[in-house]
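Trainee: I have a structure I would like to understand better, so I am pasting it below and will then ask my questions one at a time.
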Amino acid sequence: MTTTRSGGVRQRKAKASAAAEQTSPQVEEVDTSEAEEIEREREEVETERLRRKNRTPKEKLEEEDDEYSPWVDILRVISFLIFASCALSYLISSGETFTWGMKHPPKYLQADWWKAKFRGPLYLTPAELAAFDGKDETKPLYLAINGTIYDVSSNRRTYGPDGSYRYFAGVDAARSYVTGCFAEDRTPDMRGVEEMYLPLDDPEVDSHWSPKELAALKEKERADALQRVHDGLLHWVRFFENSPKYTKVGYVKRPKNWLAKEPRRPLCKSAAKGRTKRTIPTK
């Protein structure tokens with residue numbers, strides 16, 4: 001009986017010992033070489049931190065130069081140029097576009113304008129100018145006004161052979177710009193054009209002025225008429241000169257005193273119809 005009890009006690013002690021072995025914490029052994037490596041890296045980081053903290057201004061500048069990359073500045077410059085280009089396009093086109101897609105860009109943005117600048121002005125005789133009337137589509141389309149030649153190739157629909165203003169092509173038709181007689185007045189001869197603004201003489205009406213008064217009146221009327229002719233022609237000269245679509249390419253070459261050899265033209269019928277008698281002054 002005693003033997004059995006002592007044997008049970010031994011079995012319980014053995015089980016308790018085994019359970020204690022299973023539940024006791026196990027300590028993991030750390031590799032000595034790995035621990036040394038971790039400590040060495042920590043020391044290196046701390047050393048670098050202290051070194052950077054204690055740098056002189058010169059050393060800081062040299063290190064910053066070594067670390068500098070130009071790509072950020074390049075991107076900044078490109079971004080600025082794109083923005084500036086869009087803003088300039090919007091400004092020059094008066095709000096038409098941000099991307100230079102203008103229907104009628106300024107002359108200094110046109111290749112033909114720069115070609116004419118480097119080439120210099122053309123000097124064409126009236127016969128040579130006539131060859132650029134638009135009938136030959138391989139050639140540019142020119143017109144002249146008051147002796148100056150313009151390239152109007154960008155508007156062949158208007159100035160070409162089938163256009164409503166075809167009478168201006170290949171010729172200096174300054175007179176017709178004022179009289180409105182496109183077909184009849186294809187000439188730069190402006191003599192007598194002022195008559196379209198002069199009143200008609202009528203003995204009955206003119207008798208209301210003394211001879212001296214009438215002479216002074218006629219002198220003033222002629223001066224006013226000449227000024228109107230001048231202003232009318234100047235309007236069209238400035239139109240072509242300032243147009244963004246047309247480029248000045250040269251001048252008409254004529255012999256000296258050519259106008260004296262030309263017969264004087266009568267006023268065309270359409271312009272003459274606008275003339276009226278003087279208005280009788282009220283007393």
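A note on labels: chains of the structure tokens are A, B, ... as shown, every chain counts residues from 1, and ligands are counted from 1 in their shown order.
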For A:Phe182, please output as a PDB file with all heavy atoms, in the first residue's frame all residues within 12 Å (counting only C-alpha atoms; exclusion window: fewer than 4 positions along the same chain).

Mentor:
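The resulting file, part-v3.pdb, is reproduced below:
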ATOM      1  N   SER A 164     -14.786  90.428-106.545  1.00  0.00           N
ATOM      2  CA  SER A 164     -15.493  91.681-106.768  1.00  0.00           C
ATOM      3  C   SER A 164     -14.534  92.866-106.919  1.00  0.00           C
ATOM      4  O   SER A 164     -14.891  93.880-107.522  1.00  0.00           O
ATOM      5  CB  SER A 164     -16.464  91.939-105.618  1.00  0.00           C
ATOM      6  OG  SER A 164     -15.786  91.893-104.374  1.00  0.00           O
ATOM      7  N   TYR A 165     -13.326  92.738-106.378  1.00  0.00           N
ATOM      8  CA  TYR A 165     -12.328  93.806-106.479  1.00  0.00           C
ATOM      9  C   TYR A 165     -11.173  93.405-107.399  1.00  0.00           C
ATOM     10  O   TYR A 165     -10.040  93.837-107.220  1.00  0.00           O
ATOM     11  CB  TYR A 165     -11.789  94.151-105.091  1.00  0.00           C
ATOM     12  CG  TYR A 165     -12.779  94.872-104.204  1.00  0.00           C
ATOM     13  CD1 TYR A 165     -12.658  94.854-102.819  1.00  0.00           C
ATOM     14  CD2 TYR A 165     -13.853  95.572-104.755  1.00  0.00           C
ATOM     15  CE1 TYR A 165     -13.569  95.510-102.005  1.00  0.00           C
ATOM     16  CE2 TYR A 165     -14.776  96.225-103.954  1.00  0.00           C
ATOM     17  CZ  TYR A 165     -14.632  96.191-102.584  1.00  0.00           C
ATOM     18  OH  TYR A 165     -15.544  96.847-101.783  1.00  0.00           O
ATOM     19  N   ARG A 166     -11.465  92.606-108.390  1.00  0.00           N
ATOM     20  CA  ARG A 166     -10.437  92.153-109.328  1.00  0.00           C
ATOM     21  C   ARG A 166      -9.821  93.314-110.114  1.00  0.00           C
ATOM     22  O   ARG A 166      -8.715  93.201-110.635  1.00  0.00           O
ATOM     23  CB  ARG A 166     -11.030  91.135-110.301  1.00  0.00           C
ATOM     24  CG  ARG A 166     -12.167  91.684-111.162  1.00  0.00           C
ATOM     25  CD  ARG A 166     -12.821  90.582-111.977  1.00  0.00           C
ATOM     26  NE  ARG A 166     -13.948  91.069-112.786  1.00  0.00           N
ATOM     27  CZ  ARG A 166     -15.176  91.236-112.323  1.00  0.00           C
ATOM     28  NH1 ARG A 166     -15.437  90.965-111.046  1.00  0.00           N
ATOM     29  NH2 ARG A 166     -16.158  91.677-113.103  1.00  0.00           N
ATOM     30  N   TYR A 167     -10.532  94.446-110.209  1.00  0.00           N
ATOM     31  CA  TYR A 167     -10.039  95.595-110.975  1.00  0.00           C
ATOM     32  C   TYR A 167      -8.791  96.216-110.333  1.00  0.00           C
ATOM     33  O   TYR A 167      -8.048  96.927-110.986  1.00  0.00           O
ATOM     34  CB  TYR A 167     -11.132  96.662-111.079  1.00  0.00           C
ATOM     35  CG  TYR A 167     -12.385  96.167-111.733  1.00  0.00           C
ATOM     36  CD1 TYR A 167     -13.507  95.853-110.957  1.00  0.00           C
ATOM     37  CD2 TYR A 167     -12.459  95.992-113.116  1.00  0.00           C
ATOM     38  CE1 TYR A 167     -14.678  95.387-111.560  1.00  0.00           C
ATOM     39  CE2 TYR A 167     -13.625  95.532-113.718  1.00  0.00           C
ATOM     40  CZ  TYR A 167     -14.728  95.235-112.932  1.00  0.00           C
ATOM     41  OH  TYR A 167     -15.881  94.761-113.524  1.00  0.00           O
ATOM     42  N   PHE A 168      -8.568  95.940-109.051  1.00  0.00           N
ATOM     43  CA  PHE A 168      -7.415  96.510-108.363  1.00  0.00           C
ATOM     44  C   PHE A 168      -6.149  95.675-108.543  1.00  0.00           C
ATOM     45  O   PHE A 168      -5.052  96.143-108.240  1.00  0.00           O
ATOM     46  CB  PHE A 168      -7.705  96.647-106.873  1.00  0.00           C
ATOM     47  CG  PHE A 168      -8.863  97.550-106.555  1.00  0.00           C
ATOM     48  CD1 PHE A 168      -9.739  97.244-105.513  1.00  0.00           C
ATOM     49  CD2 PHE A 168      -9.088  98.703-107.284  1.00  0.00           C
ATOM     50  CE1 PHE A 168     -10.803  98.082-105.211  1.00  0.00           C
ATOM     51  CE2 PHE A 168     -10.154  99.542-106.988  1.00  0.00           C
ATOM     52  CZ  PHE A 168     -11.012  99.234-105.949  1.00  0.00           C
ATOM     53  N   ALA A 169      -6.298  94.428-108.982  1.00  0.00           N
ATOM     54  CA  ALA A 169      -5.171  93.503-109.050  1.00  0.00           C
ATOM     55  C   ALA A 169      -4.256  93.816-110.234  1.00  0.00           C
ATOM     56  O   ALA A 169      -4.715  94.126-111.330  1.00  0.00           O
ATOM     57  CB  ALA A 169      -5.675  92.065-109.155  1.00  0.00           C
ATOM     58  N   VAL A 171      -2.311  96.322-110.823  1.00  0.00           N
ATOM     59  CA  VAL A 171      -2.298  97.699-111.327  1.00  0.00           C
ATOM     60  C   VAL A 171      -2.334  98.668-110.149  1.00  0.00           C
ATOM     61  O   VAL A 171      -2.747  98.300-109.044  1.00  0.00           O
ATOM     62  CB  VAL A 171      -3.516  97.940-112.255  1.00  0.00           C
ATOM     63  CG1 VAL A 171      -4.811  97.919-111.462  1.00  0.00           C
ATOM     64  CG2 VAL A 171      -3.376  99.225-113.045  1.00  0.00           C
ATOM     65  N   ASP A 172      -1.893  99.888-110.391  1.00  0.00           N
ATOM     66  CA  ASP A 172      -2.068 100.957-109.414  1.00  0.00           C
ATOM     67  C   ASP A 172      -3.327 101.719-109.808  1.00  0.00           C
ATOM     68  O   ASP A 172      -3.305 102.555-110.708  1.00  0.00           O
ATOM     69  CB  ASP A 172      -0.855 101.894-109.412  1.00  0.00           C
ATOM     70  CG  ASP A 172      -0.923 102.937-108.300  1.00  0.00           C
ATOM     71  OD1 ASP A 172      -2.033 103.170-107.780  1.00  0.00           O
ATOM     72  OD2 ASP A 172       0.119 103.522-107.971  1.00  0.00           O
ATOM     73  N   ALA A 173      -4.433 101.436-109.140  1.00  0.00           N
ATOM     74  CA  ALA A 173      -5.724 102.034-109.468  1.00  0.00           C
ATOM     75  C   ALA A 173      -6.135 103.027-108.402  1.00  0.00           C
ATOM     76  O   ALA A 173      -7.290 103.054-107.963  1.00  0.00           O
ATOM     77  CB  ALA A 173      -6.785 100.942-109.621  1.00  0.00           C
ATOM     78  N   ALA A 174      -5.208 103.891-108.003  1.00  0.00           N
ATOM     79  CA  ALA A 174      -5.482 104.838-106.916  1.00  0.00           C
ATOM     80  C   ALA A 174      -6.710 105.696-107.202  1.00  0.00           C
ATOM     81  O   ALA A 174      -7.507 105.975-106.304  1.00  0.00           O
ATOM     82  CB  ALA A 174      -4.256 105.728-106.690  1.00  0.00           C
ATOM     83  N   ARG A 175      -6.893 106.107-108.441  1.00  0.00           N
ATOM     84  CA  ARG A 175      -8.015 106.982-108.782  1.00  0.00           C
ATOM     85  C   ARG A 175      -9.356 106.325-108.485  1.00  0.00           C
ATOM     86  O   ARG A 175     -10.281 106.949-107.965  1.00  0.00           O
ATOM     87  CB  ARG A 175      -7.920 107.347-110.272  1.00  0.00           C
ATOM     88  CG  ARG A 175      -8.970 108.369-110.734  1.00  0.00           C
ATOM     89  CD  ARG A 175      -8.869 108.589-112.239  1.00  0.00           C
ATOM     90  NE  ARG A 175      -9.820 109.602-112.716  1.00  0.00           N
ATOM     91  CZ  ARG A 175      -9.525 110.872-112.916  1.00  0.00           C
ATOM     92  NH1 ARG A 175      -8.286 111.308-112.671  1.00  0.00           N
ATOM     93  NH2 ARG A 175     -10.444 111.727-113.358  1.00  0.00           N
ATOM     94  N   SER A 176      -9.458 105.038-108.789  1.00  0.00           N
ATOM     95  CA  SER A 176     -10.742 104.354-108.630  1.00  0.00           C
ATOM     96  C   SER A 176     -11.140 104.182-107.166  1.00  0.00           C
ATOM     97  O   SER A 176     -12.322 104.047-106.854  1.00  0.00           O
ATOM     98  CB  SER A 176     -10.701 102.988-109.313  1.00  0.00           C
ATOM     99  OG  SER A 176      -9.773 102.130-108.665  1.00  0.00           O
ATOM    100  N   TYR A 177     -10.161 104.196-106.255  1.00  0.00           N
ATOM    101  CA  TYR A 177     -10.493 104.081-104.835  1.00  0.00           C
ATOM    102  C   TYR A 177     -11.312 105.286-104.369  1.00  0.00           C
ATOM    103  O   TYR A 177     -12.111 105.180-103.431  1.00  0.00           O
ATOM    104  CB  TYR A 177      -9.226 103.971-103.992  1.00  0.00           C
ATOM    105  CG  TYR A 177      -8.541 102.636-104.073  1.00  0.00           C
ATOM    106  CD1 TYR A 177      -7.520 102.411-104.988  1.00  0.00           C
ATOM    107  CD2 TYR A 177      -8.919 101.590-103.229  1.00  0.00           C
ATOM    108  CE1 TYR A 177      -6.880 101.188-105.061  1.00  0.00           C
ATOM    109  CE2 TYR A 177      -8.288 100.362-103.295  1.00  0.00           C
ATOM    110  CZ  TYR A 177      -7.271 100.162-104.221  1.00  0.00           C
ATOM    111  OH  TYR A 177      -6.653  98.942-104.303  1.00  0.00           O
ATOM    112  N   VAL A 178     -11.106 106.435-105.007  1.00  0.00           N
ATOM    113  CA  VAL A 178     -11.818 107.653-104.619  1.00  0.00           C
ATOM    114  C   VAL A 178     -13.089 107.832-105.439  1.00  0.00           C
ATOM    115  O   VAL A 178     -14.155 108.135-104.895  1.00  0.00           O
ATOM    116  CB  VAL A 178     -10.907 108.882-104.766  1.00  0.00           C
ATOM    117  CG1 VAL A 178     -11.654 110.164-104.366  1.00  0.00           C
ATOM    118  CG2 VAL A 178      -9.650 108.730-103.910  1.00  0.00           C
ATOM    119  N   ARG A 186      -8.776 102.686-113.637  1.00  0.00           N
ATOM    120  CA  ARG A 186      -7.658 101.842-113.201  1.00  0.00           C
ATOM    121  C   ARG A 186      -6.336 102.553-113.510  1.00  0.00           C
ATOM    122  O   ARG A 186      -5.549 102.130-114.348  1.00  0.00           O
ATOM    123  CB  ARG A 186      -7.719 100.474-113.875  1.00  0.00           C
ATOM    124  CG  ARG A 186      -8.989  99.706-113.559  1.00  0.00           C
ATOM    125  CD  ARG A 186      -9.022  98.353-114.235  1.00  0.00           C
ATOM    126  NE  ARG A 186      -8.135  97.380-113.583  1.00  0.00           N
ATOM    127  CZ  ARG A 186      -7.214  96.685-114.198  1.00  0.00           C
ATOM    128  NH1 ARG A 186      -7.008  96.850-115.516  1.00  0.00           N
ATOM    129  NH2 ARG A 186      -6.465  95.825-113.541  1.00  0.00           N
ATOM    130  N   THR A 187      -6.098 103.636-112.816  1.00  0.00           N
ATOM    131  CA  THR A 187      -4.920 104.473-113.053  1.00  0.00           C
ATOM    132  C   THR A 187      -4.550 105.210-111.768  1.00  0.00           C
ATOM    133  O   THR A 187      -5.427 105.489-110.937  1.00  0.00           O
ATOM    134  CB  THR A 187      -5.201 105.501-114.163  1.00  0.00           C
ATOM    135  OG1 THR A 187      -4.073 106.376-114.304  1.00  0.00           O
ATOM    136  CG2 THR A 187      -6.420 106.338-113.831  1.00  0.00           C
ATOM    137  N   CYS A 268     -15.418 110.293-114.332  1.00  0.00           N
ATOM    138  CA  CYS A 268     -16.295 109.199-114.740  1.00  0.00           C
ATOM    139  C   CYS A 268     -17.751 109.545-114.446  1.00  0.00           C
ATOM    140  O   CYS A 268     -18.054 110.365-113.573  1.00  0.00           O
ATOM    141  CB  CYS A 268     -15.895 107.901-114.048  1.00  0.00           C
ATOM    142  SG  CYS A 268     -16.084 107.923-112.251  1.00  0.00           S
ATOM    143  N   LYS A 269     -18.656 108.923-115.176  1.00  0.00           N
ATOM    144  CA  LYS A 269     -20.078 109.259-115.092  1.00  0.00           C
ATOM    145  C   LYS A 269     -20.637 109.042-113.684  1.00  0.00           C
ATOM    146  O   LYS A 269     -21.426 109.853-113.189  1.00  0.00           O
ATOM    147  CB  LYS A 269     -20.867 108.434-116.100  1.00  0.00           C
ATOM    148  CG  LYS A 269     -20.571 108.783-117.554  1.00  0.00           C
ATOM    149  CD  LYS A 269     -21.417 107.937-118.481  1.00  0.00           C
ATOM    150  CE  LYS A 269     -21.141 108.289-119.944  1.00  0.00           C
ATOM    151  NZ  LYS A 269     -21.960 107.462-120.867  1.00  0.00           N
ATOM    152  N   SER A 270     -20.243 107.964-113.054  1.00  0.00           N
ATOM    153  CA  SER A 270     -20.771 107.660-111.723  1.00  0.00           C
ATOM    154  C   SER A 270     -20.388 108.743-110.714  1.00  0.00           C
ATOM    155  O   SER A 270     -21.209 109.150-109.884  1.00  0.00           O
ATOM    156  CB  SER A 270     -20.243 106.302-111.255  1.00  0.00           C
ATOM    157  OG  SER A 270     -20.695 106.003-109.956  1.00  0.00           O
ATOM    158  N   ALA A 271     -19.142 109.220-110.787  1.00  0.00           N
ATOM    159  CA  ALA A 271     -18.699 110.264-109.865  1.00  0.00           C
ATOM    160  C   ALA A 271     -19.332 111.602-110.204  1.00  0.00           C
ATOM    161  O   ALA A 271     -19.642 112.402-109.310  1.00  0.00           O
ATOM    162  CB  ALA A 271     -17.177 110.372-109.892  1.00  0.00           C
TER     163      ALA A 271
END

Trainee: Given only C-alpha atoms as the basis, pick out the residue of A:Gly134, A:Pro121, A:Gly160, A:Pro266 nearest to A:Asp185.

Mentor: A:Pro266

Trainee: For the atom pair atom CA of A:Arg264 and atom CA of A:Gly192, what is the interatomic distance in Å to one decimal place?

Mentor: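 Straight-line distance from atom CA of A:Arg264 to atom CA of A:Gly192 works out to 7.9 Å.
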
Trainee: A:Glu43, A:Lys277, A:Pro199, A:Arg156: which is nearest A:Glu137, counting only C-alpha atoms?

Mentor: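 Residue with the minimum atom-to-atom distance to A:Glu137: A:Arg156.
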
Trainee: Between A:His230, A:Lys212, A:Arg265, A:Arg278, which has the minimum distance to A:Glu194 (counting only C-alpha atoms)?

Mentor: A:His230

Trainee: Return the single residue from A:Asn146, A:Thr125, A:Thr138, A:Ser153 that is closest to A:Val252, with distances computed using only C-alpha atoms.

Mentor: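 Checking each candidate against A:Val252, we get A:Thr125 as the closest.
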
Trainee: Quick one: DSSP strand (DSSP E or B) residues in stretch 49-258 of chain A, as a JSON list (two decimals) with C-alpha atoms, in the first residue's frame?

Mentor:
[["chain", "number", "residue", "atom", "x", "y", "z"],
["A", 122, "LEU", "CA", 10.70, 95.17, -105.39],
["A", 123, "TYR", "CA", 10.61, 97.79, -108.13],
["A", 124, "LEU", "CA", 8.17, 96.84, -110.88],
["A", 142, "TYR", "CA", -0.18, 92.08, -106.14],
["A", 143, "LEU", "CA", -1.98, 95.39, -106.22],
["A", 144, "ALA", "CA", -0.66, 98.92, -105.90],
["A", 145, "ILE", "CA", -2.03, 102.13, -104.48],
["A", 148, "THR", "CA", 3.21, 101.22, -103.25],
["A", 149, "ILE", "CA", 2.80, 97.52, -104.05],
["A", 150, "TYR", "CA", 1.09, 95.10, -101.65],
["A", 151, "ASP", "CA", 0.86, 91.32, -101.66],
["A", 169, "ALA", "CA", -5.17, 93.50, -109.05],
["A", 172, "ASP", "CA", -2.07, 100.96, -109.41],
["A", 200, "LEU", "CA", -21.95, 122.83, -110.74],
["A", 247, "THR", "CA", 2.40, 92.80, -96.91],
["A", 248, "LYS", "CA", 4.15, 95.72, -98.57],
["A", 249, "VAL", "CA", 6.57, 94.28, -101.12],
["A", 250, "GLY", "CA", 7.80, 97.26, -103.14],
["A", 251, "TYR", "CA", 7.07, 100.21, -105.38],
["A", 252, "VAL", "CA", 5.88, 100.96, -108.91]]

Trainee: Between atom CA of A:Tyr246 and atom CA of A:Gln227, what is the distance, to one decimal in Å?

Mentor: 26.8 Å
